[in-house]
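Colleague: entry.pdb (PDB, C-alpha atoms) pasted underneath:
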```
ATOM      1  CA  MET K   1       0.000   0.000   0.000
ATOM      2  CA  THR K   2       1.190   3.511  -0.647
ATOM      3  CA  GLN K   3       1.176   5.850   2.327
ATOM      4  CA  ASP K   4      -0.617   8.598   0.386
ATOM      5  CA  GLY K   5      -2.994   6.486  -1.652
ATOM      6  CA  GLU K   6      -6.772   6.701  -1.449
ATOM      7  CA  LEU K   7      -7.030   3.009  -0.582
ATOM      8  CA  ASP K   8      -4.508   3.437   2.212
ATOM      9  CA  SER K   9      -6.579   6.267   3.681
ATOM     10  CA  LEU K  10      -9.772   4.228   3.284
ATOM     11  CA  VAL K  11      -8.254   1.246   5.119
ATOM     12  CA  ARG K  12      -7.192   3.478   8.019
ATOM     13  CA  LYS K  13     -10.687   5.003   8.221
ATOM     14  CA  ARG K  14     -12.231   1.530   8.181
ATOM     15  CA  ILE K  15     -10.009   0.400  11.047
ATOM     16  CA  ARG K  16     -10.932   3.431  13.132
ATOM     17  CA  GLY K  17     -14.616   3.186  12.177
ATOM     18  CA  LEU K  18     -14.862  -0.504  13.058
ATOM     19  CA  ARG K  19     -13.004   0.082  16.326
ATOM     20  CA  THR K  20     -15.295   2.922  17.400
ATOM     21  CA  ALA K  21     -18.412   1.028  16.246
ATOM     22  CA  GLN K  22     -17.416  -1.716  18.700
ATOM     23  CA  GLY K  23     -17.063   0.945  21.398
ATOM     24  CA  TRP K  24     -13.386   0.069  21.803
ATOM     25  CA  SER K  25     -10.594   2.420  22.784
ATOM     26  CA  LEU K  26      -7.171   2.200  21.169
ATOM     27  CA  ASP K  27      -6.092   0.191  24.235
ATOM     28  CA  ASP K  28      -8.956  -2.299  23.735
ATOM     29  CA  LEU K  29      -8.131  -2.993  20.079
ATOM     30  CA  ALA K  30      -4.382  -2.952  20.709
ATOM     31  CA  ALA K  31      -4.784  -5.712  23.310
ATOM     32  CA  ARG K  32      -6.859  -7.792  20.908
ATOM     33  CA  CYS K  33      -4.408  -7.534  18.000
ATOM     34  CA  PHE K  34      -1.201  -7.624  20.088
ATOM     35  CA  LEU K  35       0.025  -4.148  19.095
ATOM     36  CA  SER K  36       0.840  -1.209  21.313
ATOM     37  CA  PRO K  37      -1.801   1.531  21.527
ATOM     38  CA  SER K  38       0.714   4.056  20.164
ATOM     39  CA  THR K  39       1.455   1.852  17.131
ATOM     40  CA  LEU K  40      -2.262   1.452  16.487
ATOM     41  CA  SER K  41      -2.791   5.203  16.844
ATOM     42  CA  ARG K  42      -0.034   5.915  14.303
ATOM     43  CA  ILE K  43      -1.564   3.342  11.932
ATOM     44  CA  GLU K  44      -5.007   4.962  12.178
ATOM     45  CA  THR K  45      -3.627   8.476  11.657
ATOM     46  CA  GLY K  46      -1.337   7.559   8.741
ATOM     47  CA  HIS K  47       1.899   8.222  10.598
ATOM     48  CA  ARG K  48       3.006   4.602  10.263
ATOM     49  CA  ARG K  49       3.006   2.163   7.390
ATOM     50  CA  ILE K  50       0.791  -0.874   7.859
ATOM     51  CA  SER K  51       2.532  -4.200   7.422
ATOM     52  CA  LEU K  52       0.558  -7.163   6.103
ATOM     53  CA  ASP K  53       0.901  -9.100   9.355
ATOM     54  CA  GLN K  54      -0.359  -6.075  11.345
ATOM     55  CA  LEU K  55      -3.283  -5.604   8.968
ATOM     56  CA  SER K  56      -4.171  -9.282   9.199
ATOM     57  CA  SER K  57      -4.055  -9.200  12.999
ATOM     58  CA  ILE K  58      -6.170  -6.012  13.115
ATOM     59  CA  ALA K  59      -8.769  -7.497  10.743
ATOM     60  CA  ARG K  60      -9.032 -10.663  12.830
ATOM     61  CA  ALA K  61      -9.398  -8.642  16.051
ATOM     62  CA  LEU K  62     -12.134  -6.498  14.461
ATOM     63  CA  GLY K  63     -14.037  -9.607  13.341
ATOM     64  CA  THR K  64     -13.626  -8.920   9.637
ATOM     65  CA  THR K  65     -11.466 -10.203   6.809
ATOM     66  CA  LEU K  66      -8.372  -8.773   5.247
ATOM     67  CA  ASP K  67     -10.258  -8.636   1.932
ATOM     68  CA  ALA K  68     -13.046  -6.552   3.479
ATOM     69  CA  LEU K  69     -10.569  -4.084   4.968
ATOM     70  CA  VAL K  70      -8.701  -3.514   1.695
ATOM     71  CA  GLU K  71     -11.609  -3.748  -0.768
ATOM     72  CA  SER K  72     -11.570  -0.752  -3.062
ATOM     73  CA  VAL K  73     -14.804   1.004  -3.938
ATOM     74  CA  SER K  74     -15.779   3.584  -6.482
ATOM     75  CA  ASP K  75     -18.750   5.869  -6.944
ATOM     76  CA  GLU K  76     -19.865   3.458  -9.634
ATOM     77  CA  ASP K  77     -20.541   0.871  -6.899
ATOM     78  CA  VAL K  78     -23.025   3.167  -5.170
ATOM     79  CA  VAL K  79     -25.563   3.764  -7.927
ATOM     80  CA  ILE K  80     -27.790   0.888  -8.978
ATOM     81  CA  HIS K  81     -28.852   1.337 -12.581
ATOM     82  CA  PRO K  82     -32.076  -0.219 -13.860
ATOM     83  CA  GLN K  83     -32.009  -2.956 -16.488
ATOM     84  CA  HIS K  84     -34.964  -2.627 -18.867
ATOM     85  CA  ASP K  85     -36.198  -5.710 -20.711
ATOM     86  CA  ALA K  86     -38.985  -4.771 -23.136
ATOM     87  CA  GLU K  87     -39.461  -8.390 -24.240
ATOM     88  CA  CYS K  88     -40.231  -9.550 -20.692
ATOM     89  CA  GLY K  89     -42.018  -6.330 -19.720
ATOM     90  CA  THR K  90     -39.816  -5.612 -16.711
ATOM     91  CA  THR K  91     -37.386  -3.070 -15.408
ATOM     92  CA  THR K  92     -35.120  -4.478 -12.708
ATOM     93  CA  TRP K  93     -32.870  -2.976 -10.046
ATOM     94  CA  ARG K  94     -30.519  -5.565  -8.480
ATOM     95  CA  LEU K  95     -30.344  -4.552  -4.834
ATOM     96  CA  ASN K  96     -27.496  -6.795  -3.809
ATOM     97  CA  ARG K  97     -24.096  -7.036  -5.397
ATOM     98  CA  GLU K  98     -22.144 -10.083  -6.383
ATOM     99  CA  GLY K  99     -20.456 -11.275  -3.262
ATOM    100  CA  GLY K 100     -23.605 -10.951  -1.162
ATOM    101  CA  GLN K 101     -25.261 -14.078   0.143
ATOM    102  CA  PRO K 102     -24.205 -16.777  -2.334
ATOM    103  CA  GLY K 103     -26.913 -17.805  -4.751
ATOM    104  CA  VAL K 104     -29.456 -15.189  -3.624
ATOM    105  CA  THR K 105     -30.508 -12.166  -5.700
ATOM    106  CA  VAL K 106     -32.687  -9.370  -4.318
ATOM    107  CA  VAL K 107     -34.420  -7.177  -6.903
ATOM    108  CA  ARG K 108     -36.894  -4.374  -7.141
ATOM    109  CA  MET K 109     -38.888  -4.932 -10.314
ATOM    110  CA  ALA K 110     -41.346  -2.770 -12.226
ATOM    111  CA  VAL K 111     -43.661  -5.183 -14.035
ATOM    112  CA  THR K 112     -45.363  -3.907 -17.177
ATOM    113  CA  ALA K 113     -45.986  -7.309 -18.770
ATOM    114  CA  PRO K 114     -49.737  -7.816 -19.014
ATOM    115  CA  GLU K 115     -51.639 -10.215 -16.827
ATOM    116  CA  PRO K 116     -50.699 -13.755 -17.928
ATOM    117  CA  ARG K 117     -53.325 -16.246 -19.113
ATOM    118  CA  HIS K 118     -53.331 -20.043 -19.014
ATOM    119  CA  GLY K 119     -52.735 -21.500 -22.463
ATOM    120  CA  ARG K 120     -51.283 -18.256 -23.783
ATOM    121  CA  ASP K 121     -48.227 -17.715 -21.596
ATOM    122  CA  GLU K 122     -45.355 -20.123 -20.997
ATOM    123  CA  LEU K 123     -44.946 -21.228 -17.415
ATOM    124  CA  LYS K 124     -41.385 -21.793 -16.225
ATOM    125  CA  VAL K 125     -39.872 -24.181 -13.714
ATOM    126  CA  HIS K 126     -36.452 -24.085 -12.104
ATOM    127  CA  PRO K 127     -34.997 -26.530  -9.605
ATOM    128  CA  GLY K 128     -34.262 -26.345  -6.001
ATOM    129  CA  GLY K 129     -36.017 -23.722  -3.971
ATOM    130  CA  LYS K 130     -38.557 -21.018  -3.458
ATOM    131  CA  ASP K 131     -39.363 -17.726  -5.158
ATOM    132  CA  TRP K 132     -40.610 -14.943  -2.950
ATOM    133  CA  PHE K 133     -42.006 -11.506  -3.757
ATOM    134  CA  THR K 134     -44.018  -8.748  -2.135
ATOM    135  CA  VAL K 135     -46.095  -6.289  -4.129
ATOM    136  CA  LEU K 136     -45.112  -2.691  -3.417
ATOM    137  CA  SER K 137     -47.720  -1.150  -5.727
ATOM    138  CA  GLY K 138     -50.307  -2.338  -8.224
ATOM    139  CA  THR K 139     -51.605  -5.869  -8.635
ATOM    140  CA  VAL K 140     -49.648  -8.931  -9.794
ATOM    141  CA  VAL K 141     -51.296 -11.998 -11.265
ATOM    142  CA  LEU K 142     -49.345 -15.183 -10.620
ATOM    143  CA  LEU K 143     -50.036 -18.301 -12.652
ATOM    144  CA  LEU K 144     -48.956 -21.187 -10.440
ATOM    145  CA  GLY K 145     -49.576 -24.565 -12.009
ATOM    146  CA  GLU K 146     -53.302 -24.583 -12.844
ATOM    147  CA  ARG K 147     -54.090 -21.827 -10.343
ATOM    148  CA  THR K 148     -54.437 -18.089 -10.941
ATOM    149  CA  ILE K 149     -53.483 -16.092  -7.866
ATOM    150  CA  THR K 150     -53.981 -12.343  -7.468
ATOM    151  CA  VAL K 151     -51.445 -10.625  -5.219
ATOM    152  CA  GLN K 152     -52.375  -7.062  -4.211
ATOM    153  CA  SER K 153     -50.230  -4.193  -2.972
ATOM    154  CA  GLY K 154     -49.020  -4.999   0.559
ATOM    155  CA  GLU K 155     -49.343  -8.766   0.067
ATOM    156  CA  ALA K 156     -46.585 -11.305  -0.573
ATOM    157  CA  ALA K 157     -46.281 -14.671  -2.275
ATOM    158  CA  GLU K 158     -43.916 -17.592  -1.703
ATOM    159  CA  PHE K 159     -43.988 -20.750  -3.776
ATOM    160  CA  SER K 160     -41.937 -23.734  -4.831
ATOM    161  CA  THR K 161     -39.891 -23.135  -7.950
ATOM    162  CA  MET K 162     -40.749 -26.665  -9.104
ATOM    163  CA  VAL K 163     -44.347 -25.581  -9.736
ATOM    164  CA  PRO K 164     -44.676 -24.102 -13.261
ATOM    165  CA  HIS K 165     -45.197 -20.341 -12.900
ATOM    166  CA  THR K 166     -45.184 -16.894 -14.481
ATOM    167  CA  PHE K 167     -46.493 -13.475 -13.476
ATOM    168  CA  GLY K 168     -47.620 -10.150 -14.909
ATOM    169  CA  ALA K 169     -49.422  -6.948 -13.946
ATOM    170  CA  ARG K 170     -53.185  -6.416 -13.878
ATOM    171  CA  GLY K 171     -54.620  -2.997 -14.775
ATOM    172  CA  GLY K 172     -51.308  -1.219 -15.317
ATOM    173  CA  PRO K 173     -47.757  -1.422 -14.011
ATOM    174  CA  ALA K 174     -46.945  -3.075 -10.708
ATOM    175  CA  GLU K 175     -43.829  -2.927  -8.595
ATOM    176  CA  ILE K 176     -42.456  -5.839  -6.584
ATOM    177  CA  LEU K 177     -39.548  -6.664  -4.315
ATOM    178  CA  ALA K 178     -38.369 -10.205  -5.037
ATOM    179  CA  ILE K 179     -35.812 -12.698  -3.787
ATOM    180  CA  PHE K 180     -34.606 -15.349  -6.218
ATOM    181  CA  ASP K 181     -32.185 -18.217  -5.788
ATOM    182  CA  ARG K 182     -29.520 -18.761  -8.458
ATOM    183  CA  ASP K 183     -31.831 -20.721 -10.764
ATOM    184  CA  GLY K 184     -34.672 -18.240 -10.231
ATOM    185  CA  ARG K 185     -32.368 -15.390 -11.176
ATOM    186  CA  HIS K 186     -31.474 -17.148 -14.436
ATOM    187  CA  THR K 187     -35.149 -17.837 -15.165
ATOM    188  CA  HIS K 188     -36.640 -14.449 -14.279
ATOM    189  CA  LEU K 189     -33.799 -12.031 -15.020
ATOM    190  CA  ARG K 190     -31.817 -11.672 -18.199
ATOM    191  CA  PRO K 191     -28.042 -11.219 -17.933
ATOM    192  CA  GLU K 192     -26.985  -7.610 -17.319
ATOM    193  CA  ARG K 193     -26.014  -5.788 -20.465
TER     194      ARG K 193
END
```
How would this structure read if it were set down as structure tokens?
Modeller:
Amino acid sequence: MTQDGELDSLVRKRIRGLRTAQGWSLDDLAARCFLSPSTLSRIETGHRRISLDQLSSIARALGTTLDALVESVSDEDVVIHPQHDAECGTTTWRLNREGGQPGVTVVRMAVTAPEPRHGRDELKVHPGGKDWFTVLSGTVVLLLGERTITVQSGEAAEFSTMVPHTFGARGGPAEILAIFDRDGRHTHLRPER
């Protein structure tokens, strides 16, 4: 790490922030990572270079990983841009990044696809889990096997992904918050462009 680099400064701020969030003094953290309080103070203020073994010990004492302490971020990581899919009639905002809970995708979705109908719309199946969504606004019609289920604003639905299903909006656009497993993500969301 360079002493003057942005990442270096960010790492030092993270150390101090995590320490104070725990309610620990410099003495408390120093005892946990086997450094002197003065060394830790100089690390936090940028008056001392951080060696890899010190950084590793500090991360362990703070209950985090070395990767989390040194992860770089950019403004690009802050803004979540919508992905519009005219063919599917959805606009999707992925609310969790890669590296979140493995195999789980959380999305906010504006649904403009019309209400699906048995015999007209293809129902999809994907292995191994459950799909879950709550309707934030509007009305969603869920075809689930042979059943037609209406889910209103403020209501939620959870169902086995092994039951053939599809959904669309009734009477205008609807907005949902959904959680998909890995196979559900591949079935309901197109790859980001």
Colleague: I need the output of the PyMOL selection byres ((chain K and resi 12-27) around 12) for this file as a ChimeraX atom specification; which residues are they?
Modeller: /K:1,3-11,28-50,54-66,68-72
Colleague: What would the file look like if the residues just selected were written as an mmCIF file, keeping the file's coordinate frame with C-alpha atoms?
Modeller:
```
data_model
loop_
_atom_site.group_PDB
_atom_site.id
_atom_site.type_symbol
_atom_site.label_atom_id
_atom_site.label_comp_id
_atom_site.auth_asym_id
_atom_site.auth_seq_id
_atom_site.Cartn_x
_atom_site.Cartn_y
_atom_site.Cartn_z
ATOM 1 C CA MET K 1 0.000 0.000 0.000
ATOM 2 C CA GLN K 3 1.176 5.850 2.327
ATOM 3 C CA ASP K 4 -0.617 8.598 0.386
ATOM 4 C CA GLY K 5 -2.994 6.486 -1.652
ATOM 5 C CA GLU K 6 -6.772 6.701 -1.449
ATOM 6 C CA LEU K 7 -7.030 3.009 -0.582
ATOM 7 C CA ASP K 8 -4.508 3.437 2.212
ATOM 8 C CA SER K 9 -6.579 6.267 3.681
ATOM 9 C CA LEU K 10 -9.772 4.228 3.284
ATOM 10 C CA VAL K 11 -8.254 1.246 5.119
ATOM 11 C CA ASP K 28 -8.956 -2.299 23.735
ATOM 12 C CA LEU K 29 -8.131 -2.993 20.079
ATOM 13 C CA ALA K 30 -4.382 -2.952 20.709
ATOM 14 C CA ALA K 31 -4.784 -5.712 23.310
ATOM 15 C CA ARG K 32 -6.859 -7.792 20.908
ATOM 16 C CA CYS K 33 -4.408 -7.534 18.000
ATOM 17 C CA PHE K 34 -1.201 -7.624 20.088
ATOM 18 C CA LEU K 35 0.025 -4.148 19.095
ATOM 19 C CA SER K 36 0.840 -1.209 21.313
ATOM 20 C CA PRO K 37 -1.801 1.531 21.527
ATOM 21 C CA SER K 38 0.714 4.056 20.164
ATOM 22 C CA THR K 39 1.455 1.852 17.131
ATOM 23 C CA LEU K 40 -2.262 1.452 16.487
ATOM 24 C CA SER K 41 -2.791 5.203 16.844
ATOM 25 C CA ARG K 42 -0.034 5.915 14.303
ATOM 26 C CA ILE K 43 -1.564 3.342 11.932
ATOM 27 C CA GLU K 44 -5.007 4.962 12.178
ATOM 28 C CA THR K 45 -3.627 8.476 11.657
ATOM 29 C CA GLY K 46 -1.337 7.559 8.741
ATOM 30 C CA HIS K 47 1.899 8.222 10.598
ATOM 31 C CA ARG K 48 3.006 4.602 10.263
ATOM 32 C CA ARG K 49 3.006 2.163 7.390
ATOM 33 C CA ILE K 50 0.791 -0.874 7.859
ATOM 34 C CA GLN K 54 -0.359 -6.075 11.345
ATOM 35 C CA LEU K 55 -3.283 -5.604 8.968
ATOM 36 C CA SER K 56 -4.171 -9.282 9.199
ATOM 37 C CA SER K 57 -4.055 -9.200 12.999
ATOM 38 C CA ILE K 58 -6.170 -6.012 13.115
ATOM 39 C CA ALA K 59 -8.769 -7.497 10.743
ATOM 40 C CA ARG K 60 -9.032 -10.663 12.830
ATOM 41 C CA ALA K 61 -9.398 -8.642 16.051
ATOM 42 C CA LEU K 62 -12.134 -6.498 14.461
ATOM 43 C CA GLY K 63 -14.037 -9.607 13.341
ATOM 44 C CA THR K 64 -13.626 -8.920 9.637
ATOM 45 C CA THR K 65 -11.466 -10.203 6.809
ATOM 46 C CA LEU K 66 -8.372 -8.773 5.247
ATOM 47 C CA ALA K 68 -13.046 -6.552 3.479
ATOM 48 C CA LEU K 69 -10.569 -4.084 4.968
ATOM 49 C CA VAL K 70 -8.701 -3.514 1.695
ATOM 50 C CA GLU K 71 -11.609 -3.748 -0.768
ATOM 51 C CA SER K 72 -11.570 -0.752 -3.062
#
```
Colleague: Using all atoms listed in the file, which residue out of K:Met109, K:Val151, K:Asp131, K:Val79 lies closest to Thr91 in chain K?
Modeller: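 The closest residue to Thr91 in chain K is K:Met109.
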Colleague: Which residues fall under the PyMOL selection byres ((chain K and resi 138-142) around 9) in this file, as a VMD selection string?
Modeller: chain K and resid 111 114 to 116 135 to 137 143 to 144 147 to 153 157 165 to 176
Colleague: Could you save those same residues with C-alpha atoms as a PDB file, keeping the file's coordinate frame?
Modeller:
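Heads up, here's the output in selection_39.pdb:
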```
ATOM      1  CA  VAL K 111     -43.661  -5.183 -14.035  1.00  0.00           C
ATOM      2  CA  PRO K 114     -49.737  -7.816 -19.014  1.00  0.00           C
ATOM      3  CA  GLU K 115     -51.639 -10.215 -16.827  1.00  0.00           C
ATOM      4  CA  PRO K 116     -50.699 -13.755 -17.928  1.00  0.00           C
ATOM      5  CA  VAL K 135     -46.095  -6.289  -4.129  1.00  0.00           C
ATOM      6  CA  LEU K 136     -45.112  -2.691  -3.417  1.00  0.00           C
ATOM      7  CA  SER K 137     -47.720  -1.150  -5.727  1.00  0.00           C
ATOM      8  CA  LEU K 143     -50.036 -18.301 -12.652  1.00  0.00           C
ATOM      9  CA  LEU K 144     -48.956 -21.187 -10.440  1.00  0.00           C
ATOM     10  CA  ARG K 147     -54.090 -21.827 -10.343  1.00  0.00           C
ATOM     11  CA  THR K 148     -54.437 -18.089 -10.941  1.00  0.00           C
ATOM     12  CA  ILE K 149     -53.483 -16.092  -7.866  1.00  0.00           C
ATOM     13  CA  THR K 150     -53.981 -12.343  -7.468  1.00  0.00           C
ATOM     14  CA  VAL K 151     -51.445 -10.625  -5.219  1.00  0.00           C
ATOM     15  CA  GLN K 152     -52.375  -7.062  -4.211  1.00  0.00           C
ATOM     16  CA  SER K 153     -50.230  -4.193  -2.972  1.00  0.00           C
ATOM     17  CA  ALA K 157     -46.281 -14.671  -2.275  1.00  0.00           C
ATOM     18  CA  HIS K 165     -45.197 -20.341 -12.900  1.00  0.00           C
ATOM     19  CA  THR K 166     -45.184 -16.894 -14.481  1.00  0.00           C
ATOM     20  CA  PHE K 167     -46.493 -13.475 -13.476  1.00  0.00           C
ATOM     21  CA  GLY K 168     -47.620 -10.150 -14.909  1.00  0.00           C
ATOM     22  CA  ALA K 169     -49.422  -6.948 -13.946  1.00  0.00           C
ATOM     23  CA  ARG K 170     -53.185  -6.416 -13.878  1.00  0.00           C
ATOM     24  CA  GLY K 171     -54.620  -2.997 -14.775  1.00  0.00           C
ATOM     25  CA  GLY K 172     -51.308  -1.219 -15.317  1.00  0.00           C
ATOM     26  CA  PRO K 173     -47.757  -1.422 -14.011  1.00  0.00           C
ATOM     27  CA  ALA K 174     -46.945  -3.075 -10.708  1.00  0.00           C
ATOM     28  CA  GLU K 175     -43.829  -2.927  -8.595  1.00  0.00           C
ATOM     29  CA  ILE K 176     -42.456  -5.839  -6.584  1.00  0.00           C
TER      30      ILE K 176
END
```
Colleague: Between K:Ala156, K:Ala110, K:Val125, K:Ile179, which has the minimum distance to His84 in chain K (counting all atoms listed in the file)?
Modeller: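 Closest to His84 in chain K, using all atoms listed in the file: K:Ala110.
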Colleague: Counting all atoms listed in the file, what is within 7 Å of Val106 in chain K, bar same-chain residues fewer than 6 positions away, as number ranges by chain?
Modeller: K: 94-96, 178-180
Colleague: Do you have the CA of Glu122 in chain K-CA of Glu155 in chain K distance handy?
Modeller: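 For CA of Glu122 in chain K relative to CA of Glu155 in chain K, the distance reads 24.3 Å.
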Colleague: Could you check which of K:Ala113, K:Val104, K:Val163, K:Leu52 is closest to Cys88 in chain K, using only C-alpha atoms?
Modeller: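 Looking only at the distances to Cys88 in chain K, the closest residue turns out to be K:Ala113.
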